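For reference, the structure is listed below as structure tokens.
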Amino acid sequence: MALTLNYAAGSDVGLVRAGNEDSGYAGPRLLAVADGMGGHAAGEVASSLVMASMATLDDDDLIASDLLDALAEAVSAAEEALSAAVDADDDLNGMGTTLTALLWSGSRIGLAHVGDSRAYLLRDGDLLRLTHDHTYVQSLVDKGELSVEEAESHPMRSVLTKVLDGQHRVRPDLSVREVRANDRFVVCSDGLSGVVSEQTMAEELSDGTSQEAVDRLIALARRAGGPDNITVVVADVVDADARPATTALVVGASEDPALAARAARIVDATPAGKAEQALGQRARQKEDESVRERVASQEQARRRSSKRRWTTRATVAALIGIAVVLAAIGGLRWINTQYFVGTAGQYVAVFRGVNQSIVGISLSTPVEATTVIVEALPDLSRTQVVTGISAKSLADAEKIIERLRGEVAGCAVANPPEGCPSPTAPTTP
């Protein structure tokens, strides 16, 4: 029996965010979600650029064995587009996005994943997560330092360890699996998975059409507070004779015509975009083979000339050095946009950077001292401060400090609430 996809997609700004930085795509061959980040640094631009790069896969007639190569090439093209955008506009420096994409071949589906957006498979009533979050908290869970339950409420659960930003090349998680009739695939941003449990998702996905499932999941995320943008793509594996719609659906930030046009121009201007327009996917693959042959021939010629060989090695070494320096600069720029509330001796302080170190070198510096004494805080807040409370900005960190001051004052009353330190503990001077 020939199989095909019957799909639906939806995106909602949520109840807290001012704009939608998510982008979603659902087509006959491609299902994808990108969760942009960067605030003023244009997360919506990042997600739209990546989605425009990935959307070219929906037009390619690939055989099953090409799935992972095609996904890897598309992710690489997306990174080129992000890099070109940052080079053209300094205001975009610092933007980034997650990406979770499923590419359909008729009997198999390939997966590419970067960040904390997720893909699920509902099969015979069981919901299976297909992706592994690239987050700091998930790394602690993987090492056994944190339980799954503790991770769900950890203050740093949204800190990503891998993201597409065009400045630091990353290797996406790639995998492929067989599909069956009646399988239901879901791709979503953490605006859904972060507030709706997988058990509840499984229950809501167990019946109804793909569009009904999308609408119910978005409604559930909104009822849970809608703290982030919510983007959901649902696709059912059905008999091809059912003749489902084949028009691609674009939702979220990518729906904006001006933003989509800008993304298309940037993608088309990249080397990958030009090759896609001129040759198509298969022609580009043949061209790559020809390039490899030419490179091999040139390498043989270089081996016959010691002078040329050493010149080439010096050039390569210089390029690698430049790349390392640029990567370091990009990393430092990103770190300098992060803030958290932690401890400085016995006091609470605001730090710029991330609460980590590399080979003994701290990746943070204190920027604001306070008179709030750590031991005067309630148990839960004290633990969070010692671990480090992430903040979206310096202003957000100052709001956290004010909240902690209030908690200290609340513990100083005659009958303090449960969790406050004993009366002998120090208080804020």
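Every chain in the structure tokens has a letter given in the order shown (A, B, ...), and although residue numbers restart at 1 in each chain, ligands are simply numbered from 1 in the order shown.
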
>> Taking 2 positions as the minimum chain separation for residues in the same chain, which residues sit within 6 Å of region 350-361 of chain A when counting only C-alpha atoms? Answer as a VMD selection string.
In response: chain A and resid 335 to 336 338 to 341 363 to 368

> Suppose you want the space between CA of Val186 (chain A) and CA of Val233 (chain A); what is it in Å?
Replying inline: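 Taking CA of Val186 (chain A) as the start and CA of Val233 (chain A) as the end point, the length is 5.6 Å.
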
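When CA of Val141 (chain A) is paired with CA of Gly226 (chain A), their separation reads 25.5 Å.
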
> Using the chain letters and numbers from this document, which residues of region 4-235 of chain A does DSSP assign to strand (DSSP E or B), as a PyMOL selection string?
Replying inline: chain A and resi 4-12+22-26+30-37+96-97+99-104+108-114+118-123+126-129+135+160+164+173-178+184-188+230-235
